[in-house]
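Shown here: query_9.cif, mmCIF, C-alpha atoms.
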```
data_my_file
loop_
_atom_site.label_atom_id
_atom_site.label_comp_id
_atom_site.auth_asym_id
_atom_site.auth_seq_id
_atom_site.Cartn_x
_atom_site.Cartn_y
_atom_site.Cartn_z
CA MET T 1 -25.21 -16.06 2.89
CA VAL T 2 -23.63 -14.93 6.17
CA GLN T 3 -25.54 -16.36 9.14
CA ASP T 4 -23.89 -14.54 12.06
CA PRO T 5 -25.65 -11.14 12.57
CA ALA T 6 -22.46 -9.46 13.88
CA VAL T 7 -20.46 -10.63 10.84
CA ARG T 8 -23.31 -9.60 8.56
CA GLU T 9 -23.22 -6.07 10.03
CA VAL T 10 -19.44 -5.76 9.50
CA VAL T 11 -19.78 -7.02 5.91
CA LYS T 12 -22.54 -4.46 5.30
CA GLN T 13 -20.33 -1.65 6.67
CA LEU T 14 -17.40 -2.84 4.54
CA ASP T 15 -19.56 -2.81 1.41
CA GLN T 16 -20.84 0.69 2.14
CA ALA T 17 -17.32 2.03 2.81
CA CYS T 18 -15.89 0.43 -0.34
CA ARG T 19 -18.72 1.70 -2.55
CA GLU T 20 -19.01 5.22 -1.16
CA ALA T 21 -15.56 6.22 0.07
CA GLY T 22 -13.06 3.63 -1.17
CA PHE T 23 -11.32 3.69 2.19
CA PHE T 24 -12.05 2.77 5.80
CA TYR T 25 -10.41 2.37 9.21
CA ALA T 26 -9.71 -1.12 10.57
CA LYS T 27 -9.52 -1.53 14.34
CA GLY T 28 -9.27 -4.62 16.53
CA HIS T 29 -6.93 -6.09 13.90
CA GLY T 30 -4.85 -8.04 16.43
CA ILE T 31 -1.39 -6.58 15.69
CA PRO T 32 -0.02 -5.26 19.00
CA GLU T 33 0.02 -1.46 19.16
CA THR T 34 3.55 -1.63 20.60
CA MET T 35 4.73 -3.29 17.38
CA VAL T 36 2.82 -0.88 15.13
CA LYS T 37 4.56 2.04 16.89
CA GLU T 38 7.98 0.36 16.95
CA VAL T 39 7.80 -0.13 13.16
CA ARG T 40 7.33 3.64 12.77
CA ASN T 41 9.98 4.47 15.38
CA ILE T 42 12.68 2.30 13.81
CA THR T 43 11.82 3.79 10.41
CA HIS T 44 12.33 7.29 11.85
CA LYS T 45 15.74 6.16 13.16
CA PHE T 46 16.79 4.96 9.71
CA PHE T 47 15.76 8.19 7.98
CA ASP T 48 17.66 10.17 10.66
CA LEU T 49 20.92 8.55 9.51
CA PRO T 50 23.43 10.45 7.35
CA TYR T 51 22.67 10.29 3.63
CA GLU T 52 25.85 8.26 2.92
CA GLU T 53 24.68 5.59 5.37
CA LYS T 54 21.25 5.35 3.75
CA LEU T 55 22.84 5.01 0.30
CA LYS T 56 24.39 1.69 1.37
CA ILE T 57 21.06 0.10 0.45
CA LYS T 58 20.36 2.26 -2.63
CA MET T 59 17.55 0.99 -4.83
CA THR T 60 18.55 -0.06 -8.36
CA PRO T 61 16.86 -2.05 -11.15
CA ALA T 62 19.55 -4.72 -10.61
CA ALA T 63 18.33 -5.11 -7.00
CA GLY T 64 14.79 -5.81 -8.22
CA TYR T 65 13.79 -2.21 -7.43
CA ARG T 66 14.34 -2.89 -3.73
CA GLY T 67 16.07 -0.53 -1.33
CA TYR T 68 16.43 3.16 -0.47
CA GLN T 69 15.42 6.04 -2.70
CA ARG T 70 16.28 9.65 -1.97
CA ILE T 71 13.84 12.57 -1.91
CA GLY T 72 12.55 13.33 -5.42
CA GLU T 73 13.53 9.93 -6.84
CA ASN T 74 9.96 8.62 -6.83
CA ILE T 75 7.86 10.06 -9.67
CA THR T 76 4.06 10.35 -9.73
CA LYS T 77 2.63 11.37 -13.11
CA GLY T 78 5.92 12.97 -14.13
CA VAL T 79 6.35 15.05 -10.95
CA PRO T 80 9.02 14.21 -8.32
CA ASP T 81 7.56 13.36 -4.90
CA MET T 82 8.91 15.03 -1.77
CA HIS T 83 9.63 11.87 0.16
CA GLU T 84 12.35 9.30 0.75
CA ALA T 85 11.60 5.61 1.13
CA ILE T 86 12.72 2.02 1.48
CA ASP T 87 10.88 -0.26 -0.95
CA CYS T 88 10.45 -3.96 -0.17
CA TYR T 89 8.71 -6.73 -2.10
CA LYS T 90 7.93 -10.37 -1.54
CA GLU T 91 11.13 -12.03 -2.71
CA LEU T 92 11.02 -13.83 -6.05
CA LYS T 93 13.46 -16.64 -6.70
CA GLN T 94 15.32 -16.59 -10.03
CA GLY T 95 13.22 -18.04 -12.85
CA MET T 96 10.16 -18.41 -10.60
CA TYR T 97 7.83 -16.63 -13.04
CA GLY T 98 10.04 -16.63 -16.16
CA ALA T 99 10.20 -13.35 -18.08
CA LEU T 100 7.21 -12.00 -16.14
CA GLY T 101 9.10 -12.11 -12.85
CA LYS T 102 12.58 -11.18 -14.08
CA PRO T 103 12.47 -7.41 -13.35
CA MET T 104 11.36 -8.03 -9.75
CA GLU T 105 13.77 -10.84 -8.86
CA GLY T 106 16.05 -10.15 -5.92
CA CYS T 107 16.38 -9.96 -2.16
CA ASN T 108 15.19 -7.09 0.00
CA GLN T 109 17.91 -4.71 1.12
CA TRP T 110 17.57 -4.22 4.87
CA PRO T 111 19.80 -1.75 6.74
CA HIS T 112 22.24 -3.09 9.36
CA TYR T 113 21.38 -0.11 11.53
CA PRO T 114 19.13 0.34 13.43
CA PRO T 115 19.70 -3.18 14.80
CA ASN T 116 16.84 -5.71 14.57
CA PHE T 117 15.36 -3.81 11.59
CA LYS T 118 15.02 -6.85 9.31
CA GLU T 119 13.59 -9.13 12.03
CA LEU T 120 10.98 -6.59 13.12
CA MET T 121 9.88 -5.81 9.59
CA GLU T 122 9.60 -9.46 8.55
CA GLU T 123 7.42 -10.24 11.57
CA TYR T 124 5.28 -7.17 10.87
CA ILE T 125 4.88 -8.17 7.21
CA SER T 126 3.74 -11.64 8.27
CA LEU T 127 1.09 -10.18 10.59
CA CYS T 128 -0.08 -7.61 8.01
CA THR T 129 -0.46 -10.41 5.46
CA GLU T 130 -2.80 -12.30 7.81
CA VAL T 131 -4.86 -9.21 8.66
CA SER T 132 -5.19 -8.35 4.96
CA ARG T 133 -6.27 -11.89 4.10
CA LYS T 134 -9.04 -11.67 6.72
CA ILE T 135 -10.23 -8.28 5.47
CA MET T 136 -10.29 -9.64 1.91
CA ARG T 137 -12.53 -12.50 3.09
CA GLY T 138 -14.94 -9.85 4.38
CA ILE T 139 -14.74 -7.93 1.10
CA ALA T 140 -15.45 -11.15 -0.84
CA LEU T 141 -18.63 -11.57 1.21
CA ALA T 142 -19.50 -7.89 0.74
CA LEU T 143 -19.38 -8.41 -3.04
CA GLY T 144 -21.79 -11.33 -2.70
CA GLY T 145 -19.19 -14.05 -3.29
CA SER T 146 -17.82 -16.86 -1.14
CA PRO T 147 -15.26 -15.92 1.56
CA ASP T 148 -12.44 -17.57 -0.39
CA GLU T 149 -12.94 -15.71 -3.70
CA PHE T 150 -9.48 -14.16 -3.25
CA GLU T 151 -7.68 -17.41 -2.45
CA GLY T 152 -6.45 -20.07 -4.89
CA GLU T 153 -5.29 -18.83 -8.29
CA ARG T 154 -6.28 -15.25 -7.49
CA GLY T 155 -4.55 -14.73 -4.15
CA GLY T 156 -3.68 -18.00 -2.44
CA ASP T 157 0.02 -17.11 -2.76
CA ALA T 158 -0.48 -13.37 -2.40
CA PHE T 159 2.32 -11.03 -3.43
CA TRP T 160 3.03 -8.05 -1.17
CA VAL T 161 4.79 -4.71 -1.33
CA MET T 162 5.86 -2.55 1.60
CA ARG T 163 7.04 1.05 1.45
CA LEU T 164 8.62 2.74 4.46
CA ILE T 165 8.15 6.42 3.64
CA GLY T 166 9.55 9.60 5.18
CA TYR T 167 8.03 12.99 4.41
CA PRO T 168 10.05 16.08 5.35
CA GLY T 169 8.18 18.84 7.17
CA ALA T 170 6.73 21.69 5.11
CA SER T 171 9.37 24.11 3.87
CA THR T 172 9.07 27.74 4.80
CA ALA T 173 10.10 30.73 2.72
CA ASN T 174 9.83 34.30 4.05
CA GLY T 175 7.98 32.88 7.02
CA LYS T 176 5.23 31.46 4.80
CA CYS T 177 4.48 27.79 4.42
CA THR T 178 5.04 26.58 0.85
CA SER T 179 3.71 23.06 1.36
CA GLU T 180 1.35 23.16 -1.64
CA ASN T 181 4.45 22.97 -3.84
CA ASP T 182 5.93 20.21 -1.70
CA ILE T 183 3.53 17.37 -2.42
CA GLY T 184 4.83 14.41 -0.45
CA CYS T 185 3.17 12.04 -2.89
CA GLY T 186 1.06 13.10 -5.86
CA ALA T 187 -2.47 11.87 -6.51
CA HIS T 188 -2.44 8.17 -7.40
CA THR T 189 -4.20 4.87 -6.91
CA ASP T 190 -2.52 1.76 -5.49
CA TYR T 191 -1.81 -1.21 -7.76
CA GLY T 192 -3.13 -4.23 -5.91
CA LEU T 193 -6.03 -5.34 -3.73
CA LEU T 194 -5.80 -3.64 -0.35
CA THR T 195 -3.44 -1.21 1.41
CA LEU T 196 -2.89 -0.96 5.18
CA VAL T 197 -1.53 2.47 6.17
CA ASN T 198 0.36 2.84 9.46
CA GLN T 199 0.97 6.58 9.86
CA ASP T 200 2.48 8.84 12.51
CA GLU T 201 -0.05 10.11 15.02
CA ASN T 202 -0.77 13.85 15.43
CA ILE T 203 0.06 14.73 11.79
CA THR T 204 -2.76 14.76 9.22
CA ALA T 205 -1.29 14.58 5.72
CA LEU T 206 -3.12 11.77 3.87
CA GLN T 207 -5.98 12.98 1.67
CA VAL T 208 -8.54 10.87 -0.19
CA ARG T 209 -10.77 12.05 -3.04
CA ASN T 210 -14.43 11.25 -2.53
CA GLN T 211 -17.10 10.60 -5.17
CA ALA T 212 -17.90 14.32 -5.35
CA GLY T 213 -14.29 15.00 -6.35
CA GLU T 214 -13.43 16.66 -3.03
CA TRP T 215 -10.20 15.97 -1.16
CA ILE T 216 -10.95 14.83 2.38
CA SER T 217 -8.39 14.20 5.10
CA ALA T 218 -7.81 10.72 6.53
CA PRO T 219 -6.38 11.68 9.94
CA PRO T 220 -4.47 9.12 12.02
CA ASN T 221 -6.67 7.26 14.46
CA PRO T 222 -4.59 5.45 17.14
CA GLY T 223 -5.00 1.68 17.10
CA THR T 224 -6.28 1.59 13.52
CA PHE T 225 -5.01 1.17 9.99
CA VAL T 226 -6.34 3.34 7.19
CA CYS T 227 -7.31 0.84 4.47
CA ASN T 228 -7.84 1.65 0.82
CA ILE T 229 -8.74 -0.22 -2.34
CA GLY T 230 -6.31 -0.86 -5.21
CA ASP T 231 -6.59 -1.25 -8.99
CA MET T 232 -6.85 -5.05 -8.95
CA LEU T 233 -9.86 -5.01 -6.62
CA LYS T 234 -11.50 -2.45 -8.88
CA ILE T 235 -11.20 -4.96 -11.76
CA LEU T 236 -12.30 -7.97 -9.68
CA SER T 237 -15.36 -6.05 -8.42
CA ASN T 238 -16.21 -5.05 -12.02
CA GLY T 239 -16.07 -1.39 -10.96
CA LEU T 240 -18.49 -1.78 -8.05
CA TYR T 241 -15.57 -0.66 -5.89
CA GLU T 242 -13.38 2.15 -7.21
CA SER T 243 -9.64 2.24 -6.43
CA THR T 244 -9.01 5.14 -4.07
CA LEU T 245 -7.35 8.25 -5.49
CA HIS T 246 -5.21 9.69 -2.71
CA ARG T 247 -2.24 11.99 -2.11
CA VAL T 248 -0.01 13.18 0.72
CA ILE T 249 0.65 16.82 1.62
CA ASN T 250 2.57 17.29 4.86
CA LYS T 251 1.68 20.83 5.95
CA SER T 252 3.21 20.23 9.37
CA GLN T 253 6.80 21.32 9.92
CA THR T 254 7.43 17.93 11.56
CA TYR T 255 9.02 15.01 9.68
CA ARG T 256 6.34 12.35 9.10
CA VAL T 257 6.67 8.59 8.67
CA CYS T 258 4.16 6.30 7.03
CA VAL T 259 4.53 2.54 6.59
CA ALA T 260 2.28 1.30 3.79
CA PHE T 261 1.67 -2.43 3.34
CA PHE T 262 0.16 -3.44 0.00
CA TYR T 263 -1.61 -6.79 -0.20
CA GLU T 264 -1.69 -8.01 -3.79
CA PRO T 265 -2.98 -10.93 -5.91
CA ASN T 266 -0.65 -13.82 -6.80
CA TYR T 267 2.20 -12.38 -8.87
CA ASP T 268 1.11 -14.28 -11.99
CA ALA T 269 -2.65 -13.98 -11.39
CA ALA T 270 -4.82 -13.20 -14.41
CA VAL T 271 -7.24 -10.75 -12.83
CA GLU T 272 -10.71 -10.30 -14.31
CA PRO T 273 -14.15 -9.41 -12.95
CA LEU T 274 -15.73 -11.97 -10.60
CA GLU T 275 -18.81 -13.62 -12.11
CA VAL T 276 -20.96 -12.47 -9.19
CA CYS T 277 -19.92 -8.86 -9.95
CA VAL T 278 -20.59 -9.26 -13.68
CA ARG T 279 -24.13 -10.41 -12.81
CA LYS T 280 -24.59 -7.33 -10.63
CA ARG T 281 -23.77 -5.20 -13.68
CA GLY T 282 -26.42 -6.93 -15.79
CA GLY T 283 -23.89 -9.21 -17.49
CA THR T 284 -21.55 -6.40 -18.60
CA ARG T 285 -17.81 -6.86 -18.08
CA LYS T 286 -16.36 -3.40 -17.52
CA PHE T 287 -12.72 -4.51 -17.57
CA GLU T 288 -10.45 -6.72 -19.62
CA LYS T 289 -8.22 -9.34 -18.03
CA ALA T 290 -4.98 -7.95 -16.49
CA VAL T 291 -1.95 -9.92 -15.31
CA TYR T 292 -0.94 -8.49 -11.94
CA GLY T 293 2.83 -8.91 -12.45
CA GLU T 294 2.69 -7.02 -15.77
CA HIS T 295 0.70 -4.20 -14.15
CA LEU T 296 3.21 -3.95 -11.29
CA VAL T 297 6.30 -3.95 -13.51
CA SER T 298 4.83 -1.30 -15.86
CA LYS T 299 4.21 0.96 -12.84
CA VAL T 300 7.54 0.30 -11.11
CA GLN T 301 9.59 0.91 -14.26
CA THR T 302 7.98 4.33 -14.85
CA ASN T 303 7.89 5.44 -11.22
CA PHE T 304 11.54 6.02 -10.46
CA VAL T 305 14.48 8.12 -11.53
CA THR T 306 17.56 5.91 -11.21
#
```
Output the file's structure as structure tokens, nothing else.
Amino acid sequence: MVQDPAVREVVKQLDQACREAGFFYAKGHGIPETMVKEVRNITHKFFDLPYEEKLKIKMTPAAGYRGYQRIGENITKGVPDMHEAIDCYKELKQGMYGALGKPMEGCNQWPHYPPNFKELMEEYISLCTEVSRKIMRGIALALGGSPDEFEGERGGDAFWVMRLIGYPGASTANGKCTSENDIGCGAHTDYGLLTLVNQDENITALQVRNQAGEWISAPPNPGTFVCNIGDMLKILSNGLYESTLHRVINKSQTYRVCVAFFYEPNYDAAVEPLEVCVRKRGGTRKFEKAVYGEHLVSKVQTNFVT
């Protein structure tokens, strides 16, 4: 049990947020606000470049699905999304995970301009990894487990994904906004454990579906990350925590940037409900075992038009 009353209160709030909403805001995370903003600013600068320049780091299956994708190239449930993006993954060395890892092998494609892009992003990824690990320790306690439930074979060598996403402003036709047709990203859940969302301030576009089936906005809150739960945590929690269904509709006429960091299990982790969560369900296992790498590859290979 958690002894410290302050920690106990945070763990209680985490549990309530994960059970009831599936998302929460994290503040006091320790990543300097100047860096959080610079990551968004430099992403804006990249997306402002001419299309030909952006294509120099075009995403292909041969590049391990890393790199730039144009607007409409990402598919959610068969519908093209109105966003462009750079996709990055923890780099896998050749043969590291055998056939399981083969599709995702490769190096991240970082643009040469803006300068310092690679260095800034790699430092940011390192800090986001540490923040995510700490939040997952809190979630482990919230589920009634030990703080290191998500270490070792489950997440001691955690995989990560980062998407730098640009959403064009709402299109207008005959003076009327047609943003309902321009869904920046269709309704979906994330694949892994936990997502940290760093989004432009002053534009509310992220929407989360609550338990009543209503879409509620998750507006930017300066100095915080919006955090949501992924599919792997849903399995590990034996369904006590539901992965968050969310979408993006940019009704503003301003271009919007979002940098999403996805903290995942080990690439080859066999993910199944934690024993403590099985007990909480009266001994019923609600989910079969899933290998994270297989889940990721199945999603990645159906998500893009190449």
- Task: Using the chain letters and residue numbers of this document, give as a list in words the residues selected by the PyMOL selection byres ((chain T and resi 57) around 12).
- Result: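 With the PyMOL selection byres ((chain T and resi 57) around 12) on this model, the match is Phe46, Tyr51, Glu52, Glu53, Lys54, Leu55, Lys56, Lys58, Met59, Thr60, Ala63, Tyr65, Arg66, Gly67, Tyr68, Gln69, Arg70, Ala85, Ile86, Asp87, Cys88, Cys107, Asn108, Gln109, Trp110, Pro111, His112 and Tyr113 of chain T.
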Enclose all atoms of range 189-207 of chain T listed in the file in an axis-aligned box, grow every side by 8 Å, and hand back centre and edge lengths in Å to one decimal, as JSON.
```
{"center_x": -1.8, "center_y": 4.7, "center_z": 3.8, "size_x": 24.5, "size_y": 36.1, "size_z": 39.2}
```
- Kindly indicate which residue among T:Arg279, T:Lys93, T:Arg256, T:His188 lies nearest to Ile229 in chain T, using all atoms listed in the file for the distances. T:His188
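Applied to the shown file, the PyMOL selection byres ((chain T and resi 120) around 12) selects the residues Thr34, Met35, Val36, Lys37, Glu38, Val39, Arg40, Asn41, Ile42, Thr43, Trp110, Pro111, Pro114, Pro115, Asn116, Phe117, Lys118, Glu119, Met121, Glu122, Glu123, Tyr124, Ile125, Ser126 and Leu127 of chain T.
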Would you mind exporting C-alpha atoms of the selected residues as a PDB file, in the frame of the given file?
```pdb
ATOM      1  CA  THR T  34       3.550  -1.630  20.600  1.00  0.00           C
ATOM      2  CA  MET T  35       4.730  -3.290  17.380  1.00  0.00           C
ATOM      3  CA  VAL T  36       2.820  -0.880  15.130  1.00  0.00           C
ATOM      4  CA  LYS T  37       4.560   2.040  16.890  1.00  0.00           C
ATOM      5  CA  GLU T  38       7.980   0.360  16.950  1.00  0.00           C
ATOM      6  CA  VAL T  39       7.800  -0.130  13.160  1.00  0.00           C
ATOM      7  CA  ARG T  40       7.330   3.640  12.770  1.00  0.00           C
ATOM      8  CA  ASN T  41       9.980   4.470  15.380  1.00  0.00           C
ATOM      9  CA  ILE T  42      12.680   2.300  13.810  1.00  0.00           C
ATOM     10  CA  THR T  43      11.820   3.790  10.410  1.00  0.00           C
ATOM     11  CA  TRP T 110      17.570  -4.220   4.870  1.00  0.00           C
ATOM     12  CA  PRO T 111      19.800  -1.750   6.740  1.00  0.00           C
ATOM     13  CA  PRO T 114      19.130   0.340  13.430  1.00  0.00           C
ATOM     14  CA  PRO T 115      19.700  -3.180  14.800  1.00  0.00           C
ATOM     15  CA  ASN T 116      16.840  -5.710  14.570  1.00  0.00           C
ATOM     16  CA  PHE T 117      15.360  -3.810  11.590  1.00  0.00           C
ATOM     17  CA  LYS T 118      15.020  -6.850   9.310  1.00  0.00           C
ATOM     18  CA  GLU T 119      13.590  -9.130  12.030  1.00  0.00           C
ATOM     19  CA  MET T 121       9.880  -5.810   9.590  1.00  0.00           C
ATOM     20  CA  GLU T 122       9.600  -9.460   8.550  1.00  0.00           C
ATOM     21  CA  GLU T 123       7.420 -10.240  11.570  1.00  0.00           C
ATOM     22  CA  TYR T 124       5.280  -7.170  10.870  1.00  0.00           C
ATOM     23  CA  ILE T 125       4.880  -8.170   7.210  1.00  0.00           C
ATOM     24  CA  SER T 126       3.740 -11.640   8.270  1.00  0.00           C
ATOM     25  CA  LEU T 127       1.090 -10.180  10.590  1.00  0.00           C
TER      26      LEU T 127
END
```
- Name the residues that the PyMOL selection byres ((chain T and resi 267) around 7) pulls out of this structure, and write them as a ChimeraX atom specification. /T:159,265-266,268-269,292-293
Would you put the residues from that selection into a file with C-alpha atoms, as a CSV table (one decimal), in the frame of the given file?
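Okay, this is what ended up in selection.csv:
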```csv
chain,number,residue,atom,x,y,z
T,159,PHE,CA,2.3,-11.0,-3.4
T,265,PRO,CA,-3.0,-10.9,-5.9
T,266,ASN,CA,-0.6,-13.8,-6.8
T,268,ASP,CA,1.1,-14.3,-12.0
T,269,ALA,CA,-2.6,-14.0,-11.4
T,292,TYR,CA,-0.9,-8.5,-11.9
T,293,GLY,CA,2.8,-8.9,-12.4
```
Hey, which bits of range 92-159 of chain T sit within 7 Å of range 258-264 of chain T, and for each residue what's the closest pair of atoms and how far apart in Å (one decimal), counting only C-alpha atoms, rows by chain and increasing number, as CSV?
```
residue,atom,partner,partner_atom,distance
T:Thr129,CA,T:Tyr263,CA,6.8
T:Ser132,CA,T:Tyr263,CA,6.5
T:Ala158,CA,T:Glu264,CA,5.7
T:Phe159,CA,T:Glu264,CA,5.0
```
- Item | Coordinates-based distance that separates CA of Ile165 in chain T from CA of Glu84 in chain T (Å, one decimal) |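 So the answer is 5.9 Å.
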Proximity of range 108-167 of chain T to range 235-239 of chain T: per-residue shortest pair, 12 Å limit, only C-alpha atoms, as a tab-separated table:
```
residue	atom	partner	partner_atom	distance
T:Met136	CA	T:Leu236	CA	11.9
T:Ile139	CA	T:Ser237	CA	9.7
T:Ala140	CA	T:Ser237	CA	9.1
T:Leu141	CA	T:Ser237	CA	11.6
T:Ala142	CA	T:Ser237	CA	10.2
T:Leu143	CA	T:Ser237	CA	7.1
T:Gly144	CA	T:Ser237	CA	10.1
T:Gly145	CA	T:Ser237	CA	10.2
T:Glu149	CA	T:Leu236	CA	9.8
T:Phe150	CA	T:Leu236	CA	9.4
T:Arg154	CA	T:Leu236	CA	9.7
T:Gly155	CA	T:Leu236	CA	11.7
```
- Task: Go through T:Lys299, T:Gly138, T:His44, T:Asn250 and flag the residue nearest Gln13 in chain T, using all atoms listed in the file for the distances.
- Result: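 Of all the options, T:Gly138 lies closest to Gln13 in chain T.
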- Using only C-alpha atoms: which of T:Leu164, T:Thr76, T:Cys185, T:Val257 has the shortest distance to Asp200 in chain T: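 For Asp200 in chain T, the nearest of the given residues is T:Val257.
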- Item | Of the listed residues T:Val131, T:Leu100, T:Cys277, T:Ala218, that which approaches Ser298 in chain T most closely, counting all atoms listed in the file |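 Ranked by minimum distance to Ser298 in chain T, first place goes to T:Leu100.
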- Find the residues near Pro168 in chain T: any atom within 8 Å, counting all atoms listed in the file, skip ones fewer than 5 places away on the same chain, and give them as number ranges by chain. T: 82-83, 184, 250, 253-256
- Which of T:Val300, T:Gly223, T:Tyr97, T:Tyr167 sits closest to Gly28 in chain T [using only C-alpha atoms]: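 Among the listed residues, T:Gly223 lies closest to Gly28 in chain T.
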- Message: So that I can see what lies close to Leu92 in chain T, please list as a ChimeraX atom specification the residues with an atom at most 9 Å from it, counting all atoms listed in the file and leaving out residues fewer than 5 positions away in the same chain.
- Response: /T:97,101-102,104-107
Save out the residues we just selected, C-alpha atoms, as a compact mmCIF listing (two decimals), keeping the file's coordinate frame.
```txt
# COMPACT_ATOMS: atom_id res chain seq x y z
CA TYR T 97 7.83 -16.63 -13.04
CA GLY T 101 9.10 -12.11 -12.85
CA LYS T 102 12.58 -11.18 -14.08
CA MET T 104 11.36 -8.03 -9.75
CA GLU T 105 13.77 -10.84 -8.86
CA GLY T 106 16.05 -10.15 -5.92
CA CYS T 107 16.38 -9.96 -2.16
```
- Message: What's around Gln301 in chain T at 9 Å? Count all atoms listed in the file, leave out sequence neighbours fewer than 4 positions away in its own chain, and write the answer as a PyMOL selection string.
- Response: chain T and resi 61+65+103+296-297
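Nearest to Val11 in chain T of all the residues T:Cys128, T:Ala205, T:Ile135, T:Lys286 is T:Ile135, counting all atoms listed in the file.
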Export range 65-81 of chain T from the structure block above, keeping N, CA and C atoms, as a compact mmCIF listing (two decimals), in the first residue's frame.
```
# COMPACT_ATOMS: atom_id res chain seq x y z
N TYR T 65 8.40 2.53 -42.11
CA TYR T 65 7.23 3.38 -41.91
C TYR T 65 7.56 4.67 -41.16
N ARG T 66 8.80 5.12 -41.32
CA ARG T 66 9.24 6.37 -40.69
C ARG T 66 9.32 7.47 -41.74
N GLY T 67 8.99 8.69 -41.33
CA GLY T 67 9.13 9.82 -42.23
C GLY T 67 7.84 10.59 -42.44
N TYR T 68 7.83 11.39 -43.51
CA TYR T 68 6.75 12.35 -43.78
C TYR T 68 5.63 11.71 -44.60
N GLN T 69 4.41 12.01 -44.21
CA GLN T 69 3.25 11.61 -45.01
C GLN T 69 2.39 12.83 -45.30
N ARG T 70 1.95 12.90 -46.54
CA ARG T 70 1.16 14.06 -46.98
C ARG T 70 -0.26 13.97 -46.43
N ILE T 71 -1.00 15.06 -46.62
CA ILE T 71 -2.41 15.11 -46.20
C ILE T 71 -3.19 14.02 -46.93
N GLY T 72 -4.00 13.26 -46.18
CA GLY T 72 -4.83 12.21 -46.76
C GLY T 72 -4.15 10.86 -46.89
N GLU T 73 -2.87 10.79 -46.51
CA GLU T 73 -2.13 9.53 -46.65
C GLU T 73 -2.37 8.60 -45.47
N ASN T 74 -2.70 9.18 -44.33
CA ASN T 74 -3.05 8.39 -43.15
C ASN T 74 -4.53 8.03 -43.22
N ILE T 75 -4.84 6.77 -42.96
CA ILE T 75 -6.22 6.28 -43.08
C ILE T 75 -6.72 5.83 -41.70
N THR T 76 -7.90 6.29 -41.32
CA THR T 76 -8.54 5.78 -40.10
C THR T 76 -9.87 5.17 -40.49
N LYS T 77 -9.98 3.85 -40.28
CA LYS T 77 -11.20 3.10 -40.61
C LYS T 77 -11.64 3.37 -42.05
N GLY T 78 -10.67 3.36 -42.96
CA GLY T 78 -10.97 3.46 -44.38
C GLY T 78 -11.15 4.87 -44.91
N VAL T 79 -11.10 5.87 -44.02
CA VAL T 79 -11.32 7.26 -44.44
C VAL T 79 -10.02 8.05 -44.32
N PRO T 80 -9.61 8.78 -45.39
CA PRO T 80 -8.37 9.57 -45.31
C PRO T 80 -8.50 10.68 -44.27
N ASP T 81 -7.44 10.88 -43.49
CA ASP T 81 -7.41 11.93 -42.47
C ASP T 81 -6.84 13.22 -43.06
```
